Amino acid sequence: MTSSPAGLTECRSERARLVLGIETSCDDTSVAVLERGRSLRSMLTSTQDHALYGGVVPELASRAHLERLPGLIEQALADAGVAPRHLTAIAVTRAPGLVGSLVVGVAFARAYGFGLGIPVIGVNHIEAHLHSAELEHGDPKLPALALVVSGGHTELVSIEGFGRQRWLGTTLDDAAGEAFDKVAKLVGLGFPGGPAIDRLATAGDPAAFAFPRPMLDRPGFDFSFSGLKTAVAQVVAAAPSPLPDDWRANLAASFQRAMVDTLVAKTERALAHTRARTLQLGGGVACNRELRERLAATCLAASVALHIPSPRFCADNAAMIARVGALGLERGDVPDPELDVAASLEESGLLDENP
Ligand code: KG4
Ligand code: ZN
């Protein structure tokens, strides 16, 4: 390694040349091979089946990661046409998420990286969601605004550059995806409920029930969805049992309309506040068709570029982990030998890294 600035840059970009990404923060096991932080050579994501328990069981999730990682990595490398010795670094999710699941991914990455003699870099899962749209759309025009809506998070973040983000809003209780999942359960749909509500809503009347649009009357960018979920539960409790099909479709459509109205209104407020030139979406709820259509109209009217990832990059995936790892290596981040995991966004340190 040389200490001249040109040599240093070369060394950094060499480390980011062929990064293996590993994502195990929740129930999806995902691995990817990414070249120079931009070009995806391969990605495999294995999703656990929740039919039996109706949700994620942490102990089963971590065991499944352990069983699946070796085979997935072998296959992803084969798909990419890459031998393990060609890898230049490993990027692994270290926070936030289920601790047992994170520990499996981090321990695996450390052992594999040690065996290959390459650096292992820890990545924040939410920072990766902020940047997942860049895998297909490239670098955004700055400043950008990111809306990350998943099963565990609802975040509005202003992005002024890589590693330079300012938190604008978050949920005070349930996450957007969590509300979709809970309402889906109330109307008798399986887990995860978001895609099922999305489908059922097309058959219903979004004006059938006047559900609240939480927090719109308050300044700022925070969200709260537990009251909306309770409002749906109250209608279900007073409804005929078993719930007739037209009620179910109307509940799905009216709930989805209230949720999307709220997300769109706060996003519009944040776009105006930050004068963002690009809106980047991330997280599983970004697959929602009504949300995509409404935000497309918003961005068209405001002359903002809208970057929505394909569904496989909206959901948890290792390509976004590899990208943020590669960008960090290019910036000169030094791998942290401890790689401590953290369960929450607050503990993860990301909120402190303001511009
Ligand atoms: O990002 P993700 O795959 O995992 C994490 O939570 O990190 O997001 C999963 C969430 C679930 O709550 C699921 O119901 C929701 O995304 N989701 C959707 C749709 N597809 C997935 N919500 C609404 N509409 C959809 N089409
Ligand atoms: Zn996620």
# chains A, B, ... in the order shown; residues from 1 in each chain; ligands from 1
>>> closest_atom_pairs(of="chain A", to="ligand 1", cutoff="10 Å", atoms="only C-alpha atoms and all ligand atoms", output="tab-separated table")
residue	atom	partner	partner_atom_place_in_ligand_line	distance
A:Ser25	CA	ligand 1	7 (O)	7.8
A:Cys26	CA	ligand 1	7 (O)	6.8
A:Asp27	CA	ligand 1	4 (O)	8.1
A:Asp28	CA	ligand 1	3 (O)	7.9
A:Thr47	CA	ligand 1	3 (O)	9.5
A:Pro96	CA	ligand 1	7 (O)	9.6
A:Gly97	CA	ligand 1	7 (O)	8.2
A:His125	CA	ligand 1	7 (O)	8.4
A:Ile126	CA	ligand 1	7 (O)	8.7
A:His129	CA	ligand 1	1 (O)	8.1
A:Val148	CA	ligand 1	1 (O)	8.3
A:Val149	CA	ligand 1	1 (O)	7.0
A:Ser150	CA	ligand 1	8 (O)	3.9
A:Gly151	CA	ligand 1	6 (O)	3.2
A:Gly152	CA	ligand 1	6 (O)	4.8
A:His153	CA	ligand 1	6 (O)	7.0
A:Thr154	CA	ligand 1	6 (O)	9.8
A:Ala175	CA	ligand 1	12 (O)	8.1
A:Ala176	CA	ligand 1	12 (O)	7.1
A:Gly177	CA	ligand 1	12 (O)	3.3
A:Glu178	CA	ligand 1	12 (O)	4.9
A:Ala179	CA	ligand 1	12 (O)	7.4
A:Phe180	CA	ligand 1	14 (O)	5.7
A:Asp181	CA	ligand 1	14 (O)	5.1
A:Lys182	CA	ligand 1	12 (O)	8.8
A:Val183	CA	ligand 1	14 (O)	9.9
A:Ala184	CA	ligand 1	14 (O)	8.6
A:Gly190	CA	ligand 1	14 (O)	9.7
A:Phe191	CA	ligand 1	14 (O)	7.1
A:Pro192	CA	ligand 1	14 (O)	4.4
A:Gly193	CA	ligand 1	14 (O)	4.5
A:Gly194	CA	ligand 1	22 (N)	3.3
A:Pro195	CA	ligand 1	26 (N)	3.9
A:Ala196	CA	ligand 1	26 (N)	7.4
A:Ile197	CA	ligand 1	24 (N)	6.7
A:Asp198	CA	ligand 1	24 (N)	5.1
A:Arg199	CA	ligand 1	26 (N)	7.8
A:Gln256	CA	ligand 1	23 (C)	8.3
A:Met259	CA	ligand 1	23 (C)	9.7
A:Val260	CA	ligand 1	23 (C)	9.7
A:Gly282	CA	ligand 1	1 (O)	7.3
A:Gly283	CA	ligand 1	1 (O)	3.7
A:Gly284	CA	ligand 1	8 (O)	3.4
A:Val285	CA	ligand 1	22 (N)	3.7
A:Ala286	CA	ligand 1	19 (C)	6.8
A:Cys287	CA	ligand 1	26 (N)	4.4
A:Asn288	CA	ligand 1	26 (N)	3.6
A:Arg289	CA	ligand 1	26 (N)	6.3
A:Glu290	CA	ligand 1	24 (N)	8.3
A:Leu291	CA	ligand 1	24 (N)	8.2
A:Arg292	CA	ligand 1	26 (N)	9.7
A:Pro311	CA	ligand 1	20 (N)	8.0
A:Arg312	CA	ligand 1	3 (O)	8.5
A:Phe313	CA	ligand 1	1 (O)	8.8
A:Cys314	CA	ligand 1	1 (O)	6.1
A:Ala315	CA	ligand 1	3 (O)	3.4
A:Asp316	CA	ligand 1	3 (O)	4.7
A:Asn317	CA	ligand 1	3 (O)	8.1
>>> select_by_dssp(residues="segment 172-231 of chain A", states="alpha helix (DSSP H)", output="list in words")
Ala176, Gly177, Glu178, Ala179, Phe180, Asp181, Lys182, Val183, Ala184, Lys185, Leu186, Gly193, Gly194, Pro195, Ala196, Ile197, Asp198, Arg199, Leu200, Ala201, Ser226, Gly227, Leu228, Lys229, Thr230 and Ala231 of chain A
>>> write_last_selection(atoms="N, CA and C atoms", output="CSV table (one decimal), in the first residue's frame")
chain,number,residue,atom,x,y,z
A,176,ALA,N,-45.0,1.7,8.7
A,176,ALA,CA,-46.0,1.6,7.6
A,176,ALA,C,-46.3,0.1,7.3
A,177,GLY,N,-45.3,-0.7,7.1
A,177,GLY,CA,-45.5,-2.1,6.7
A,177,GLY,C,-46.1,-2.9,7.8
A,178,GLU,N,-45.8,-2.6,9.0
A,178,GLU,CA,-46.4,-3.2,10.2
A,178,GLU,C,-47.9,-3.0,10.2
A,179,ALA,N,-48.3,-1.7,9.9
A,179,ALA,CA,-49.7,-1.4,9.8
A,179,ALA,C,-50.4,-2.2,8.7
A,180,PHE,N,-49.7,-2.3,7.6
A,180,PHE,CA,-50.3,-3.1,6.5
A,180,PHE,C,-50.5,-4.6,7.0
A,181,ASP,N,-49.5,-5.1,7.6
A,181,ASP,CA,-49.5,-6.5,8.1
A,181,ASP,C,-50.6,-6.7,9.1
A,182,LYS,N,-50.7,-5.8,10.1
A,182,LYS,CA,-51.7,-5.9,11.1
A,182,LYS,C,-53.2,-5.8,10.6
A,183,VAL,N,-53.4,-4.8,9.7
A,183,VAL,CA,-54.7,-4.7,9.1
A,183,VAL,C,-55.0,-5.9,8.2
A,184,ALA,N,-54.0,-6.4,7.5
A,184,ALA,CA,-54.3,-7.6,6.7
A,184,ALA,C,-54.8,-8.8,7.6
A,185,LYS,N,-54.2,-8.9,8.8
A,185,LYS,CA,-54.6,-9.9,9.7
A,185,LYS,C,-56.0,-9.7,10.1
A,186,LEU,N,-56.4,-8.4,10.4
A,186,LEU,CA,-57.7,-8.1,10.8
A,186,LEU,C,-58.8,-8.5,9.8
A,193,GLY,N,-48.8,-9.0,4.9
A,193,GLY,CA,-50.1,-8.5,4.4
A,193,GLY,C,-50.1,-7.4,3.4
A,194,GLY,N,-49.0,-6.7,3.2
A,194,GLY,CA,-48.9,-5.6,2.3
A,194,GLY,C,-49.3,-6.0,0.9
A,195,PRO,N,-48.7,-7.0,0.3
A,195,PRO,CA,-49.1,-7.3,-1.1
A,195,PRO,C,-50.5,-7.8,-1.2
A,196,ALA,N,-51.1,-8.4,-0.2
A,196,ALA,CA,-52.5,-8.9,-0.2
A,196,ALA,C,-53.4,-7.7,-0.1
A,197,ILE,N,-53.1,-6.7,0.7
A,197,ILE,CA,-54.0,-5.5,0.8
A,197,ILE,C,-53.9,-4.8,-0.5
A,198,ASP,N,-52.7,-4.7,-1.1
A,198,ASP,CA,-52.5,-4.0,-2.4
A,198,ASP,C,-53.4,-4.6,-3.4
A,199,ARG,N,-53.5,-5.9,-3.5
A,199,ARG,CA,-54.3,-6.6,-4.5
A,199,ARG,C,-55.8,-6.4,-4.2
A,200,LEU,N,-56.2,-6.7,-2.9
A,200,LEU,CA,-57.6,-6.6,-2.5
A,200,LEU,C,-58.2,-5.2,-2.7
A,201,ALA,N,-57.3,-4.2,-2.5
A,201,ALA,CA,-57.8,-2.8,-2.5
A,201,ALA,C,-58.4,-2.5,-3.9
A,226,SER,N,-50.6,3.8,14.6
A,226,SER,CA,-51.4,2.9,15.5
A,226,SER,C,-52.8,3.3,15.6
A,227,GLY,N,-53.1,4.6,15.5
A,227,GLY,CA,-54.5,5.0,15.6
A,227,GLY,C,-55.3,4.6,14.3
A,228,LEU,N,-54.6,4.6,13.2
A,228,LEU,CA,-55.3,4.2,11.9
A,228,LEU,C,-55.6,2.7,12.0
A,229,LYS,N,-54.7,1.9,12.6
A,229,LYS,CA,-54.9,0.5,12.7
A,229,LYS,C,-56.1,0.2,13.7
A,230,THR,N,-56.1,1.0,14.8
A,230,THR,CA,-57.2,0.8,15.7
A,230,THR,C,-58.5,1.2,15.1
A,231,ALA,N,-58.5,2.2,14.3
A,231,ALA,CA,-59.8,2.6,13.6
A,231,ALA,C,-60.3,1.4,12.7
>>> closest_residue(among="A:Leu130, A:Leu329, A:Ala203, A:Ala258", to="ligand 2", atoms="only C-alpha atoms and all ligand atoms")
A:Leu130
>>> closest_residue(among="A:Ala296, A:Ala249, A:Met215, A:Leu44", to="Leu69 of chain A", atoms="only C-alpha atoms")
A:Leu44
>>> closest_residue(among="A:Ser30, A:Thr298, A:Gln234, A:Gln280", to="Ser310 of chain A", atoms="only C-alpha atoms")
A:Gln280
>>> atom_distance(atom1="atom CA of Ala270 of chain A", atom2="atom CA of Asp222 of chain A")
10.5 Å
>>> atom_distance(atom1="atom CA of Ala16 of chain A", atom2="atom CA of Glu155 of chain A")
27.9 Å
>>> select_by_dssp(residues="segment 152-355 of chain A", states="strand (DSSP E)", output="number ranges by chain")
A: 154-161, 164-170, 278-282, 305-307
>>> residues_around(residues="segment 139-141 of chain A", least_positions_apart="2", cutoff="7 Å", atoms="only C-alpha atoms", output="mmCIF file with N, CA, C and O atoms, in the first residue's frame")
data_model
loop_
_atom_site.group_PDB
_atom_site.id
_atom_site.type_symbol
_atom_site.label_atom_id
_atom_site.label_comp_id
_atom_site.auth_asym_id
_atom_site.auth_seq_id
_atom_site.Cartn_x
_atom_site.Cartn_y
_atom_site.Cartn_z
ATOM 1 N N GLU A 134 -30.290 3.573 -6.177
ATOM 2 C CA GLU A 134 -29.119 3.924 -7.009
ATOM 3 C C GLU A 134 -28.579 2.721 -7.779
ATOM 4 O O GLU A 134 -27.856 2.899 -8.764
ATOM 5 N N HIS A 137 -30.859 3.284 -10.823
ATOM 6 C CA HIS A 137 -31.028 4.651 -11.356
ATOM 7 C C HIS A 137 -29.744 5.467 -11.351
ATOM 8 O O HIS A 137 -29.729 6.576 -11.869
ATOM 9 N N PRO A 143 -29.788 18.103 -3.657
ATOM 10 C CA PRO A 143 -30.122 17.204 -2.562
ATOM 11 C C PRO A 143 -31.234 16.240 -2.953
ATOM 12 O O PRO A 143 -32.076 16.560 -3.792
ATOM 13 N N ALA A 144 -31.192 15.079 -2.320
ATOM 14 C CA ALA A 144 -32.235 14.080 -2.562
ATOM 15 C C ALA A 144 -33.026 13.874 -1.275
ATOM 16 O O ALA A 144 -32.557 14.223 -0.185
ATOM 17 N N ARG A 277 -34.151 17.434 -5.364
ATOM 18 C CA ARG A 277 -34.238 17.278 -6.830
ATOM 19 C C ARG A 277 -34.544 15.835 -7.214
ATOM 20 O O ARG A 277 -34.893 15.554 -8.358
ATOM 21 N N THR A 278 -34.362 14.935 -6.241
ATOM 22 C CA THR A 278 -34.639 13.519 -6.488
ATOM 23 C C THR A 278 -35.351 12.941 -5.272
ATOM 24 O O THR A 278 -34.994 13.281 -4.139
#
>>> atom_distance(atom1="atom CA of Ala322 of chain A", atom2="atom CA of His131 of chain A")
10.8 Å
>>> decode(residues="segment 34-165 of chain A", atoms="C-alpha atoms", output="mmCIF file, in the first residue's frame")
data_model
loop_
_atom_site.group_PDB
_atom_site.id
_atom_site.type_symbol
_atom_site.label_atom_id
_atom_site.label_comp_id
_atom_site.auth_asym_id
_atom_site.auth_seq_id
_atom_site.Cartn_x
_atom_site.Cartn_y
_atom_site.Cartn_z
ATOM 1 C CA LEU A 34 -21.348 -6.210 -6.842
ATOM 2 C CA GLU A 35 -18.622 -4.822 -9.070
ATOM 3 C CA ARG A 36 -17.256 -1.329 -8.356
ATOM 4 C CA GLY A 37 -20.321 -0.465 -6.266
ATOM 5 C CA ARG A 38 -22.494 -0.191 -9.356
ATOM 6 C CA SER A 39 -22.702 -3.262 -11.502
ATOM 7 C CA LEU A 40 -24.572 -6.237 -10.048
ATOM 8 C CA ARG A 41 -22.971 -9.526 -11.035
ATOM 9 C CA SER A 42 -25.392 -11.751 -9.091
ATOM 10 C CA MET A 43 -27.908 -11.754 -6.276
ATOM 11 C CA LEU A 44 -29.839 -14.512 -4.521
ATOM 12 C CA THR A 45 -32.480 -13.922 -1.858
ATOM 13 C CA SER A 46 -34.116 -16.708 0.100
ATOM 14 C CA THR A 47 -37.362 -15.755 1.837
ATOM 15 C CA GLN A 48 -38.647 -17.723 4.792
ATOM 16 C CA ASP A 49 -42.126 -19.180 4.814
ATOM 17 C CA HIS A 50 -44.290 -17.743 7.611
ATOM 18 C CA ALA A 51 -47.498 -19.629 6.876
ATOM 19 C CA LEU A 52 -47.181 -21.753 10.030
ATOM 20 C CA TYR A 53 -46.641 -18.947 12.594
ATOM 21 C CA GLY A 54 -48.138 -15.878 10.846
ATOM 22 C CA GLY A 55 -44.975 -13.795 11.355
ATOM 23 C CA VAL A 56 -41.220 -13.862 11.895
ATOM 24 C CA VAL A 57 -39.965 -16.126 14.718
ATOM 25 C CA PRO A 58 -36.490 -14.760 15.612
ATOM 26 C CA GLU A 59 -34.938 -18.079 16.660
ATOM 27 C CA LEU A 60 -36.120 -19.837 13.497
ATOM 28 C CA ALA A 61 -34.942 -16.903 11.379
ATOM 29 C CA SER A 62 -31.381 -17.030 12.692
ATOM 30 C CA ARG A 63 -31.199 -20.799 12.286
ATOM 31 C CA ALA A 64 -32.419 -20.514 8.702
ATOM 32 C CA HIS A 65 -29.740 -17.893 7.905
ATOM 33 C CA LEU A 66 -27.067 -20.227 9.208
ATOM 34 C CA GLU A 67 -28.338 -23.130 7.113
ATOM 35 C CA ARG A 68 -28.758 -21.116 3.939
ATOM 36 C CA LEU A 69 -25.743 -18.802 3.801
ATOM 37 C CA PRO A 70 -23.062 -21.280 2.637
ATOM 38 C CA GLY A 71 -25.094 -22.625 -0.291
ATOM 39 C CA LEU A 72 -26.351 -19.180 -1.328
ATOM 40 C CA ILE A 73 -22.830 -17.734 -1.361
ATOM 41 C CA GLU A 74 -21.486 -20.642 -3.372
ATOM 42 C CA GLN A 75 -24.305 -20.229 -5.897
ATOM 43 C CA ALA A 76 -24.030 -16.419 -6.076
ATOM 44 C CA LEU A 77 -20.295 -16.667 -6.783
ATOM 45 C CA ALA A 78 -20.944 -19.288 -9.466
ATOM 46 C CA ASP A 79 -23.680 -17.102 -11.036
ATOM 47 C CA ALA A 80 -21.266 -14.157 -11.055
ATOM 48 C CA GLY A 81 -18.459 -16.272 -12.528
ATOM 49 C CA VAL A 82 -16.265 -15.260 -9.604
ATOM 50 C CA ALA A 83 -13.940 -17.460 -7.536
ATOM 51 C CA PRO A 84 -13.803 -16.652 -3.794
ATOM 52 C CA ARG A 85 -10.167 -15.535 -4.131
ATOM 53 C CA HIS A 86 -11.235 -12.801 -6.594
ATOM 54 C CA LEU A 87 -13.402 -11.052 -3.976
ATOM 55 C CA THR A 88 -11.839 -7.839 -2.688
ATOM 56 C CA ALA A 89 -14.106 -7.178 0.339
ATOM 57 C CA ILE A 90 -17.224 -8.304 2.177
ATOM 58 C CA ALA A 91 -20.028 -5.958 3.248
ATOM 59 C CA VAL A 92 -22.407 -7.252 5.905
ATOM 60 C CA THR A 93 -25.448 -5.760 7.658
ATOM 61 C CA ARG A 94 -24.548 -4.995 11.280
ATOM 62 C CA ALA A 95 -27.636 -2.957 12.380
ATOM 63 C CA PRO A 96 -30.531 -2.491 12.891
ATOM 64 C CA GLY A 97 -32.450 -5.777 12.994
ATOM 65 C CA LEU A 98 -33.028 -8.971 14.957
ATOM 66 C CA VAL A 99 -29.892 -9.457 17.030
ATOM 67 C CA GLY A 100 -29.672 -13.226 16.524
ATOM 68 C CA SER A 101 -30.041 -12.862 12.759
ATOM 69 C CA LEU A 102 -27.460 -10.055 12.589
ATOM 70 C CA VAL A 103 -24.981 -12.082 14.655
ATOM 71 C CA VAL A 104 -25.208 -15.008 12.224
ATOM 72 C CA GLY A 105 -24.473 -12.800 9.197
ATOM 73 C CA VAL A 106 -21.658 -10.903 10.903
ATOM 74 C CA ALA A 107 -19.987 -14.041 12.305
ATOM 75 C CA PHE A 108 -20.193 -15.712 8.919
ATOM 76 C CA ALA A 109 -18.776 -12.657 7.129
ATOM 77 C CA ARG A 110 -15.917 -12.329 9.592
ATOM 78 C CA ALA A 111 -14.929 -15.978 9.284
ATOM 79 C CA TYR A 112 -15.187 -15.951 5.486
ATOM 80 C CA GLY A 113 -13.283 -12.661 5.210
ATOM 81 C CA PHE A 114 -10.585 -13.894 7.584
ATOM 82 C CA GLY A 115 -10.156 -17.042 5.502
ATOM 83 C CA LEU A 116 -9.797 -15.016 2.312
ATOM 84 C CA GLY A 117 -7.665 -12.282 3.896
ATOM 85 C CA ILE A 118 -10.005 -9.481 2.750
ATOM 86 C CA PRO A 119 -11.624 -6.620 4.703
ATOM 87 C CA VAL A 120 -15.108 -7.014 6.171
ATOM 88 C CA ILE A 121 -17.103 -3.827 6.453
ATOM 89 C CA GLY A 122 -20.260 -3.407 8.553
ATOM 90 C CA VAL A 123 -23.209 -1.667 6.894
ATOM 91 C CA ASN A 124 -26.266 0.016 8.372
ATOM 92 C CA HIS A 125 -29.400 -1.573 6.903
ATOM 93 C CA ILE A 126 -31.358 1.699 6.817
ATOM 94 C CA GLU A 127 -28.519 3.571 5.131
ATOM 95 C CA ALA A 128 -28.577 0.795 2.521
ATOM 96 C CA HIS A 129 -32.345 1.251 1.970
ATOM 97 C CA LEU A 130 -31.728 5.006 1.499
ATOM 98 C CA HIS A 131 -29.425 4.191 -1.418
ATOM 99 C CA SER A 132 -31.029 1.055 -2.918
ATOM 100 C CA ALA A 133 -32.625 2.977 -5.811
ATOM 101 C CA GLU A 134 -29.119 3.924 -7.009
ATOM 102 C CA LEU A 135 -28.454 0.316 -8.052
ATOM 103 C CA GLU A 136 -30.722 0.868 -11.061
ATOM 104 C CA HIS A 137 -31.028 4.651 -11.356
ATOM 105 C CA GLY A 138 -27.442 5.693 -10.624
ATOM 106 C CA ASP A 139 -26.399 8.634 -8.474
ATOM 107 C CA PRO A 140 -29.256 11.036 -7.635
ATOM 108 C CA LYS A 141 -29.269 14.746 -8.307
ATOM 109 C CA LEU A 142 -28.656 16.325 -4.911
ATOM 110 C CA PRO A 143 -30.122 17.204 -2.562
ATOM 111 C CA ALA A 144 -32.235 14.080 -2.562
ATOM 112 C CA LEU A 145 -35.032 12.967 -0.281
ATOM 113 C CA ALA A 146 -35.426 9.310 0.709
ATOM 114 C CA LEU A 147 -38.633 7.695 1.921
ATOM 115 C CA VAL A 148 -37.953 4.278 3.443
ATOM 116 C CA VAL A 149 -41.122 2.358 4.249
ATOM 117 C CA SER A 150 -40.736 -1.210 5.439
ATOM 118 C CA GLY A 151 -42.013 -3.672 8.028
ATOM 119 C CA GLY A 152 -39.834 -2.080 10.698
ATOM 120 C CA HIS A 153 -39.287 1.496 9.509
ATOM 121 C CA THR A 154 -40.916 4.648 8.183
ATOM 122 C CA GLU A 155 -38.191 7.225 7.602
ATOM 123 C CA LEU A 156 -38.004 10.523 5.718
ATOM 124 C CA VAL A 157 -34.370 11.521 5.247
ATOM 125 C CA SER A 158 -32.685 14.368 3.429
ATOM 126 C CA ILE A 159 -29.549 13.230 1.592
ATOM 127 C CA GLU A 160 -26.864 15.752 0.825
ATOM 128 C CA GLY A 161 -24.204 13.246 -0.246
ATOM 129 C CA PHE A 162 -23.023 9.773 0.662
ATOM 130 C CA GLY A 163 -22.859 9.630 4.468
ATOM 131 C CA ARG A 164 -24.358 13.105 4.758
ATOM 132 C CA GLN A 165 -27.991 12.635 5.704
#
